[in-house]
$ cat run_25.txt   # compact mmCIF, N, CA and C atoms
# COMPACT_ATOMS: atom_id res chain seq x y z
N MET A 1 -16.54 6.98 -45.36
CA MET A 1 -17.49 7.95 -44.85
C MET A 1 -17.01 8.48 -43.50
N ASP A 2 -17.01 9.79 -43.35
CA ASP A 2 -16.59 10.40 -42.10
C ASP A 2 -17.65 10.23 -41.02
N LYS A 3 -17.17 9.96 -39.81
CA LYS A 3 -18.07 9.86 -38.68
C LYS A 3 -18.25 11.25 -38.08
N LYS A 4 -19.47 11.56 -37.67
CA LYS A 4 -19.72 12.82 -36.99
C LYS A 4 -19.11 12.72 -35.59
N ARG A 5 -18.35 13.74 -35.22
CA ARG A 5 -17.73 13.75 -33.89
C ARG A 5 -18.76 14.20 -32.85
N VAL A 6 -18.93 13.40 -31.81
CA VAL A 6 -19.88 13.70 -30.73
C VAL A 6 -19.10 14.27 -29.56
N TRP A 7 -19.59 15.39 -29.02
CA TRP A 7 -18.94 16.09 -27.92
C TRP A 7 -19.55 15.62 -26.60
N ILE A 8 -18.72 15.09 -25.72
CA ILE A 8 -19.14 14.53 -24.44
C ILE A 8 -18.47 15.31 -23.31
N SER A 9 -19.22 15.57 -22.25
CA SER A 9 -18.69 16.21 -21.06
C SER A 9 -18.90 15.26 -19.89
N ALA A 10 -17.84 14.97 -19.14
CA ALA A 10 -17.93 13.99 -18.05
C ALA A 10 -17.34 14.55 -16.77
N GLY A 11 -17.91 14.13 -15.65
CA GLY A 11 -17.47 14.60 -14.34
C GLY A 11 -16.81 13.50 -13.54
N ILE A 12 -15.64 13.81 -13.01
CA ILE A 12 -14.92 12.90 -12.13
C ILE A 12 -15.26 13.35 -10.71
N ILE A 13 -16.21 12.66 -10.11
CA ILE A 13 -16.76 13.06 -8.81
C ILE A 13 -15.85 12.54 -7.70
N LEU A 14 -15.29 13.48 -6.94
CA LEU A 14 -14.36 13.14 -5.86
C LEU A 14 -15.05 13.24 -4.51
N ASN A 15 -14.68 12.34 -3.58
CA ASN A 15 -15.20 12.48 -2.22
C ASN A 15 -14.42 13.61 -1.53
N SER A 16 -14.82 13.97 -0.33
CA SER A 16 -14.25 15.15 0.33
C SER A 16 -12.76 15.04 0.61
N SER A 17 -12.23 13.83 0.76
CA SER A 17 -10.80 13.66 1.01
C SER A 17 -10.00 13.40 -0.28
N TYR A 18 -10.69 13.39 -1.42
CA TYR A 18 -10.08 13.17 -2.75
C TYR A 18 -9.40 11.80 -2.88
N GLU A 19 -9.83 10.84 -2.08
CA GLU A 19 -9.24 9.50 -2.18
C GLU A 19 -10.13 8.52 -2.93
N LYS A 20 -11.40 8.90 -3.14
CA LYS A 20 -12.32 8.03 -3.86
C LYS A 20 -13.02 8.80 -4.97
N VAL A 21 -13.42 8.04 -6.01
CA VAL A 21 -14.10 8.59 -7.18
C VAL A 21 -15.38 7.79 -7.38
N PHE A 22 -16.46 8.48 -7.74
CA PHE A 22 -17.72 7.79 -8.01
C PHE A 22 -17.77 7.43 -9.50
N ILE A 23 -17.93 6.15 -9.80
CA ILE A 23 -18.01 5.69 -11.19
C ILE A 23 -19.32 4.94 -11.39
N THR A 24 -19.74 4.87 -12.65
CA THR A 24 -20.96 4.15 -12.99
C THR A 24 -20.67 3.14 -14.10
N GLN A 25 -21.53 2.13 -14.18
CA GLN A 25 -21.35 1.09 -15.20
C GLN A 25 -22.33 1.33 -16.34
N ARG A 26 -21.79 1.31 -17.56
CA ARG A 26 -22.62 1.52 -18.75
C ARG A 26 -23.59 0.36 -18.93
N ALA A 27 -24.78 0.68 -19.41
CA ALA A 27 -25.79 -0.35 -19.69
C ALA A 27 -25.23 -1.33 -20.72
N ALA A 28 -25.59 -2.59 -20.57
CA ALA A 28 -25.08 -3.64 -21.46
C ALA A 28 -25.36 -3.34 -22.93
N LYS A 29 -26.50 -2.73 -23.23
CA LYS A 29 -26.88 -2.47 -24.63
C LYS A 29 -26.27 -1.18 -25.19
N ALA A 30 -25.64 -0.38 -24.36
CA ALA A 30 -25.05 0.88 -24.79
C ALA A 30 -23.71 0.66 -25.51
N HIS A 31 -23.26 1.69 -26.24
CA HIS A 31 -21.91 1.67 -26.83
C HIS A 31 -20.92 1.46 -25.69
N GLN A 32 -20.00 0.52 -25.85
CA GLN A 32 -19.03 0.18 -24.80
C GLN A 32 -19.75 -0.35 -23.55
N GLY A 33 -20.85 -1.03 -23.77
CA GLY A 33 -21.70 -1.53 -22.69
C GLY A 33 -20.97 -2.44 -21.72
N GLY A 34 -21.33 -2.31 -20.44
CA GLY A 34 -20.75 -3.12 -19.38
C GLY A 34 -19.47 -2.54 -18.80
N LEU A 35 -18.87 -1.57 -19.48
CA LEU A 35 -17.64 -0.96 -18.97
C LEU A 35 -17.99 0.14 -17.97
N TRP A 36 -17.03 0.53 -17.17
CA TRP A 36 -17.21 1.57 -16.17
C TRP A 36 -16.87 2.92 -16.79
N GLU A 37 -17.42 3.99 -16.21
CA GLU A 37 -17.19 5.33 -16.76
C GLU A 37 -17.39 6.38 -15.69
N PHE A 38 -17.01 7.60 -16.07
CA PHE A 38 -17.31 8.78 -15.27
C PHE A 38 -18.63 9.32 -15.82
N ALA A 39 -19.55 9.67 -14.94
CA ALA A 39 -20.87 10.13 -15.37
C ALA A 39 -20.77 11.37 -16.25
N GLY A 40 -21.65 11.44 -17.23
CA GLY A 40 -21.68 12.58 -18.13
C GLY A 40 -22.48 12.23 -19.36
N GLY A 41 -22.38 13.09 -20.37
CA GLY A 41 -23.12 12.83 -21.59
C GLY A 41 -22.87 13.91 -22.62
N LYS A 42 -23.71 13.91 -23.64
CA LYS A 42 -23.54 14.82 -24.78
C LYS A 42 -23.74 16.27 -24.37
N VAL A 43 -22.91 17.12 -24.96
CA VAL A 43 -23.08 18.56 -24.83
C VAL A 43 -24.15 18.97 -25.84
N GLU A 44 -25.21 19.60 -25.35
CA GLU A 44 -26.32 20.03 -26.21
C GLU A 44 -25.99 21.35 -26.90
N GLN A 45 -26.64 21.60 -28.00
CA GLN A 45 -26.43 22.85 -28.74
C GLN A 45 -26.71 24.04 -27.83
N GLY A 46 -25.78 25.01 -27.83
CA GLY A 46 -25.93 26.20 -27.01
C GLY A 46 -25.36 26.06 -25.61
N GLU A 47 -24.91 24.87 -25.23
CA GLU A 47 -24.32 24.64 -23.91
C GLU A 47 -22.80 24.70 -23.99
N THR A 48 -22.19 25.09 -22.89
CA THR A 48 -20.75 24.91 -22.75
C THR A 48 -20.53 23.52 -22.17
N ALA A 49 -19.30 23.03 -22.22
CA ALA A 49 -18.99 21.72 -21.63
C ALA A 49 -19.26 21.74 -20.13
N LYS A 50 -18.95 22.85 -19.48
CA LYS A 50 -19.18 22.95 -18.03
C LYS A 50 -20.69 22.92 -17.72
N GLN A 51 -21.48 23.65 -18.47
CA GLN A 51 -22.94 23.61 -18.27
C GLN A 51 -23.47 22.19 -18.49
N ALA A 52 -22.94 21.51 -19.50
CA ALA A 52 -23.40 20.15 -19.81
C ALA A 52 -23.07 19.18 -18.68
N VAL A 53 -21.86 19.27 -18.13
CA VAL A 53 -21.51 18.32 -17.07
C VAL A 53 -22.37 18.56 -15.83
N ILE A 54 -22.65 19.80 -15.52
CA ILE A 54 -23.51 20.09 -14.37
C ILE A 54 -24.90 19.50 -14.59
N ARG A 55 -25.47 19.70 -15.79
CA ARG A 55 -26.79 19.15 -16.12
C ARG A 55 -26.77 17.62 -16.10
N GLU A 56 -25.78 17.03 -16.76
CA GLU A 56 -25.71 15.57 -16.86
C GLU A 56 -25.56 14.91 -15.48
N LEU A 57 -24.76 15.49 -14.60
CA LEU A 57 -24.58 14.90 -13.28
C LEU A 57 -25.87 14.92 -12.48
N ASP A 58 -26.66 15.98 -12.64
CA ASP A 58 -27.96 16.03 -11.99
C ASP A 58 -28.88 14.95 -12.56
N GLU A 59 -28.90 14.81 -13.89
CA GLU A 59 -29.78 13.84 -14.55
C GLU A 59 -29.36 12.39 -14.27
N GLU A 60 -28.05 12.11 -14.30
CA GLU A 60 -27.57 10.72 -14.21
C GLU A 60 -27.33 10.22 -12.80
N VAL A 61 -26.78 11.08 -11.94
CA VAL A 61 -26.41 10.59 -10.61
C VAL A 61 -26.98 11.44 -9.47
N GLY A 62 -27.84 12.40 -9.79
CA GLY A 62 -28.61 13.12 -8.79
C GLY A 62 -27.83 14.08 -7.90
N ILE A 63 -26.73 14.63 -8.40
CA ILE A 63 -26.00 15.61 -7.59
C ILE A 63 -26.01 16.98 -8.28
N GLN A 64 -25.81 18.02 -7.48
CA GLN A 64 -25.67 19.37 -7.99
C GLN A 64 -24.22 19.78 -7.77
N ALA A 65 -23.44 19.77 -8.84
CA ALA A 65 -22.01 20.10 -8.76
C ALA A 65 -21.85 21.57 -8.42
N THR A 66 -21.01 21.86 -7.41
CA THR A 66 -20.79 23.24 -6.98
C THR A 66 -19.35 23.71 -7.19
N GLU A 67 -18.41 22.79 -7.31
CA GLU A 67 -17.02 23.14 -7.60
C GLU A 67 -16.55 22.27 -8.76
N VAL A 68 -16.44 22.88 -9.93
CA VAL A 68 -16.16 22.18 -11.18
C VAL A 68 -14.88 22.74 -11.79
N GLU A 69 -13.90 21.86 -11.99
CA GLU A 69 -12.58 22.28 -12.51
C GLU A 69 -12.23 21.44 -13.73
N HIS A 70 -11.91 22.10 -14.84
CA HIS A 70 -11.55 21.38 -16.06
C HIS A 70 -10.24 20.62 -15.84
N LEU A 71 -10.23 19.33 -16.16
CA LEU A 71 -9.02 18.52 -16.02
C LEU A 71 -8.33 18.33 -17.36
N MET A 72 -9.09 17.93 -18.39
CA MET A 72 -8.47 17.70 -19.69
C MET A 72 -9.50 17.57 -20.80
N LYS A 73 -9.01 17.75 -22.02
CA LYS A 73 -9.81 17.58 -23.23
C LYS A 73 -9.08 16.55 -24.08
N LEU A 74 -9.82 15.68 -24.75
CA LEU A 74 -9.20 14.72 -25.65
C LEU A 74 -10.18 14.27 -26.71
N GLU A 75 -9.66 13.70 -27.77
CA GLU A 75 -10.47 13.10 -28.82
C GLU A 75 -10.11 11.63 -28.90
N HIS A 76 -11.11 10.81 -29.23
CA HIS A 76 -10.86 9.38 -29.38
C HIS A 76 -11.78 8.85 -30.47
N ASP A 77 -11.19 8.10 -31.38
CA ASP A 77 -11.97 7.50 -32.47
C ASP A 77 -12.08 5.99 -32.26
N TYR A 78 -13.31 5.52 -32.17
CA TYR A 78 -13.61 4.09 -32.18
C TYR A 78 -13.93 3.74 -33.63
N PRO A 79 -13.95 2.45 -33.99
CA PRO A 79 -14.32 2.10 -35.37
C PRO A 79 -15.70 2.64 -35.77
N ASP A 80 -16.62 2.71 -34.80
CA ASP A 80 -17.99 3.12 -35.11
C ASP A 80 -18.37 4.51 -34.62
N LYS A 81 -17.49 5.18 -33.88
CA LYS A 81 -17.83 6.48 -33.31
C LYS A 81 -16.58 7.35 -33.16
N ALA A 82 -16.77 8.65 -33.36
CA ALA A 82 -15.72 9.63 -33.12
C ALA A 82 -16.19 10.52 -31.98
N LEU A 83 -15.38 10.60 -30.93
CA LEU A 83 -15.79 11.34 -29.73
C LEU A 83 -14.77 12.42 -29.37
N GLU A 84 -15.29 13.51 -28.82
CA GLU A 84 -14.48 14.58 -28.24
C GLU A 84 -14.94 14.71 -26.80
N PHE A 85 -14.02 14.70 -25.87
CA PHE A 85 -14.36 14.73 -24.45
C PHE A 85 -13.80 15.96 -23.75
N ASP A 86 -14.56 16.45 -22.78
CA ASP A 86 -14.06 17.36 -21.77
C ASP A 86 -14.31 16.68 -20.43
N PHE A 87 -13.26 16.52 -19.65
CA PHE A 87 -13.36 15.90 -18.33
C PHE A 87 -13.16 16.96 -17.26
N PHE A 88 -14.04 16.94 -16.26
CA PHE A 88 -14.00 17.90 -15.17
C PHE A 88 -13.86 17.19 -13.83
N LEU A 89 -13.06 17.79 -12.94
CA LEU A 89 -13.01 17.32 -11.55
C LEU A 89 -14.17 17.97 -10.82
N ILE A 90 -14.93 17.17 -10.10
CA ILE A 90 -16.04 17.68 -9.29
C ILE A 90 -15.58 17.55 -7.84
N ARG A 91 -15.12 18.67 -7.28
CA ARG A 91 -14.53 18.67 -5.94
C ARG A 91 -15.57 18.90 -4.84
N SER A 92 -16.71 19.45 -5.20
CA SER A 92 -17.75 19.73 -4.22
C SER A 92 -19.11 19.63 -4.91
N PHE A 93 -20.08 19.11 -4.18
CA PHE A 93 -21.42 18.91 -4.75
C PHE A 93 -22.43 18.76 -3.63
N ASN A 94 -23.68 18.97 -3.96
CA ASN A 94 -24.79 18.73 -3.04
C ASN A 94 -25.48 17.44 -3.45
N GLY A 95 -25.89 16.66 -2.44
CA GLY A 95 -26.54 15.38 -2.70
C GLY A 95 -25.55 14.24 -2.57
N GLU A 96 -26.05 13.04 -2.72
CA GLU A 96 -25.22 11.82 -2.67
C GLU A 96 -25.40 11.10 -4.00
N PRO A 97 -24.31 10.88 -4.76
CA PRO A 97 -24.48 10.26 -6.08
C PRO A 97 -25.00 8.83 -6.00
N PHE A 98 -25.86 8.51 -6.97
CA PHE A 98 -26.40 7.15 -7.12
C PHE A 98 -26.81 6.98 -8.57
N GLY A 99 -27.03 5.76 -8.98
CA GLY A 99 -27.42 5.47 -10.36
C GLY A 99 -28.87 5.84 -10.59
N LYS A 100 -29.13 7.10 -10.86
CA LYS A 100 -30.48 7.65 -11.00
C LYS A 100 -31.24 7.03 -12.17
N GLU A 101 -30.52 6.53 -13.17
CA GLU A 101 -31.14 5.91 -14.35
C GLU A 101 -31.11 4.39 -14.27
N GLY A 102 -30.88 3.86 -13.06
CA GLY A 102 -30.86 2.42 -12.85
C GLY A 102 -29.50 1.78 -13.03
N GLN A 103 -28.50 2.55 -13.41
CA GLN A 103 -27.15 2.01 -13.60
C GLN A 103 -26.47 1.78 -12.25
N GLN A 104 -25.56 0.82 -12.23
CA GLN A 104 -24.78 0.58 -11.03
C GLN A 104 -23.79 1.71 -10.85
N GLY A 105 -23.62 2.17 -9.62
CA GLY A 105 -22.65 3.20 -9.31
C GLY A 105 -21.99 2.89 -7.99
N GLN A 106 -20.72 3.28 -7.86
CA GLN A 106 -20.03 3.02 -6.59
C GLN A 106 -18.81 3.91 -6.44
N TRP A 107 -18.44 4.10 -5.17
CA TRP A 107 -17.22 4.83 -4.83
C TRP A 107 -16.05 3.86 -4.90
N VAL A 108 -14.97 4.28 -5.54
CA VAL A 108 -13.79 3.45 -5.71
C VAL A 108 -12.56 4.27 -5.34
N ARG A 109 -11.64 3.65 -4.61
CA ARG A 109 -10.38 4.33 -4.30
C ARG A 109 -9.65 4.61 -5.60
N VAL A 110 -9.01 5.78 -5.69
CA VAL A 110 -8.33 6.18 -6.92
C VAL A 110 -7.35 5.12 -7.40
N GLU A 111 -6.57 4.55 -6.48
CA GLU A 111 -5.57 3.55 -6.88
C GLU A 111 -6.20 2.23 -7.33
N GLU A 112 -7.49 2.03 -7.05
CA GLU A 112 -8.18 0.80 -7.46
C GLU A 112 -8.91 0.95 -8.80
N LEU A 113 -8.91 2.15 -9.38
CA LEU A 113 -9.58 2.35 -10.67
C LEU A 113 -9.02 1.42 -11.75
N VAL A 114 -7.75 1.07 -11.64
CA VAL A 114 -7.13 0.17 -12.64
C VAL A 114 -7.77 -1.21 -12.63
N ASP A 115 -8.49 -1.56 -11.56
CA ASP A 115 -9.14 -2.87 -11.46
C ASP A 115 -10.49 -2.91 -12.17
N TYR A 116 -10.94 -1.77 -12.69
CA TYR A 116 -12.24 -1.68 -13.35
C TYR A 116 -12.03 -1.45 -14.84
N PRO A 117 -12.73 -2.22 -15.69
CA PRO A 117 -12.58 -2.01 -17.13
C PRO A 117 -13.30 -0.74 -17.58
N PHE A 118 -12.53 0.18 -18.17
CA PHE A 118 -13.05 1.44 -18.71
C PHE A 118 -12.91 1.40 -20.23
N PRO A 119 -13.70 2.21 -20.95
CA PRO A 119 -13.50 2.33 -22.39
C PRO A 119 -12.08 2.83 -22.70
N ALA A 120 -11.55 2.46 -23.84
CA ALA A 120 -10.19 2.86 -24.23
C ALA A 120 -10.00 4.37 -24.19
N ALA A 121 -11.04 5.12 -24.51
CA ALA A 121 -10.94 6.59 -24.51
C ALA A 121 -10.61 7.14 -23.13
N ASN A 122 -10.90 6.39 -22.07
CA ASN A 122 -10.67 6.87 -20.71
C ASN A 122 -9.27 6.62 -20.19
N VAL A 123 -8.46 5.83 -20.87
CA VAL A 123 -7.13 5.47 -20.37
C VAL A 123 -6.28 6.71 -20.08
N PRO A 124 -6.17 7.69 -20.98
CA PRO A 124 -5.37 8.88 -20.66
C PRO A 124 -5.92 9.66 -19.46
N VAL A 125 -7.22 9.62 -19.28
CA VAL A 125 -7.85 10.32 -18.16
C VAL A 125 -7.48 9.65 -16.85
N LEU A 126 -7.54 8.32 -16.83
CA LEU A 126 -7.17 7.59 -15.62
C LEU A 126 -5.72 7.87 -15.24
N GLU A 127 -4.84 7.91 -16.24
CA GLU A 127 -3.43 8.21 -15.97
C GLU A 127 -3.26 9.62 -15.42
N ARG A 128 -3.91 10.59 -16.06
CA ARG A 128 -3.81 11.99 -15.61
C ARG A 128 -4.40 12.15 -14.22
N LEU A 129 -5.55 11.52 -13.96
CA LEU A 129 -6.22 11.63 -12.67
C LEU A 129 -5.34 11.08 -11.56
N THR A 130 -4.75 9.92 -11.78
CA THR A 130 -3.89 9.31 -10.76
C THR A 130 -2.69 10.20 -10.47
N ALA A 131 -2.05 10.73 -11.50
CA ALA A 131 -0.91 11.61 -11.31
C ALA A 131 -1.32 12.90 -10.62
N PHE A 132 -2.43 13.46 -11.04
CA PHE A 132 -2.91 14.73 -10.49
C PHE A 132 -3.24 14.60 -9.01
N LEU A 133 -3.98 13.55 -8.65
CA LEU A 133 -4.39 13.40 -7.26
C LEU A 133 -3.24 12.96 -6.35
N SER A 134 -2.21 12.35 -6.90
CA SER A 134 -1.06 11.97 -6.07
C SER A 134 -0.29 13.21 -5.62
N LYS A 135 -0.50 14.34 -6.30
CA LYS A 135 0.16 15.60 -5.93
C LYS A 135 -0.67 16.41 -4.94
N GLU A 136 -1.93 16.06 -4.77
CA GLU A 136 -2.84 16.82 -3.90
C GLU A 136 -2.43 16.72 -2.44
$ encode --input "run_25.txt" --output "structure tokens"
Amino acid sequence: MDKKRVWISAGIILNSSYEKVFITQRAAKAHQGGLWEFAGGKVEQGETAKQAVIRELDEEVGIQATEVEHLMKLEHDYPDKALEFDFFLIRSFNGEPFGKEGQQGQWVRVEELVDYPFPAANVPVLERLTAFLSKE
């Protein structure tokens, strides 16, 4: 049986010096629970990926993204789920991110992201992000 592919839009929230990224921890009961992630969620019908990430960041971490740049698109299949992702760099925003839905959130230095367990789908993103920001 084919799995329905779910479209996810996620924001990589950068601090003003681009040396830290805000990450959140997935709820224990969620798919890939307990792992760290970049805030975001499902793209709703009629939304673009960019519109979705702006909405999701407001809902999940309480910020209003003002500078949004597409970083990469990828697909990843888990045994139980098929996902399509759009990842965006959030270079500027209003507000201070926090776990608005009760999830743990924290600022982490880019080079320390490897110390946090992320879902397998995020591995190419972490590699691209590290390479991209090392050129900044």
$ residues_around --input "run_25.txt" --residues "Leu74 (chain A)" --least-positions-apart "4" --cutoff "6 Å" --atoms "all atoms listed in the file" --output "list in words"
Leu83, Glu84, Phe85 and Asp86 of chain A
$ atom_distance --input "run_25.txt" --atom1 "atom C of Asn122 (chain A)" --atom2 "atom C of Gly62 (chain A)"
23.5 Å
$ atom_distance --input "run_25.txt" --atom1 "CA of Glu101 (chain A)" --atom2 "CA of Glu60 (chain A)"
6.0 Å
$ residues_around --input "run_25.txt" --residues "Gly95 (chain A)" --least-positions-apart "5" --cutoff "9 Å" --atoms "only C-alpha atoms" --output "PyMOL selection string"
chain A and resi 62-65
$ atom_distance --input "run_25.txt" --atom1 "atom N of Ala131 (chain A)" --atom2 "atom C of Ala28 (chain A)"
29.5 Å
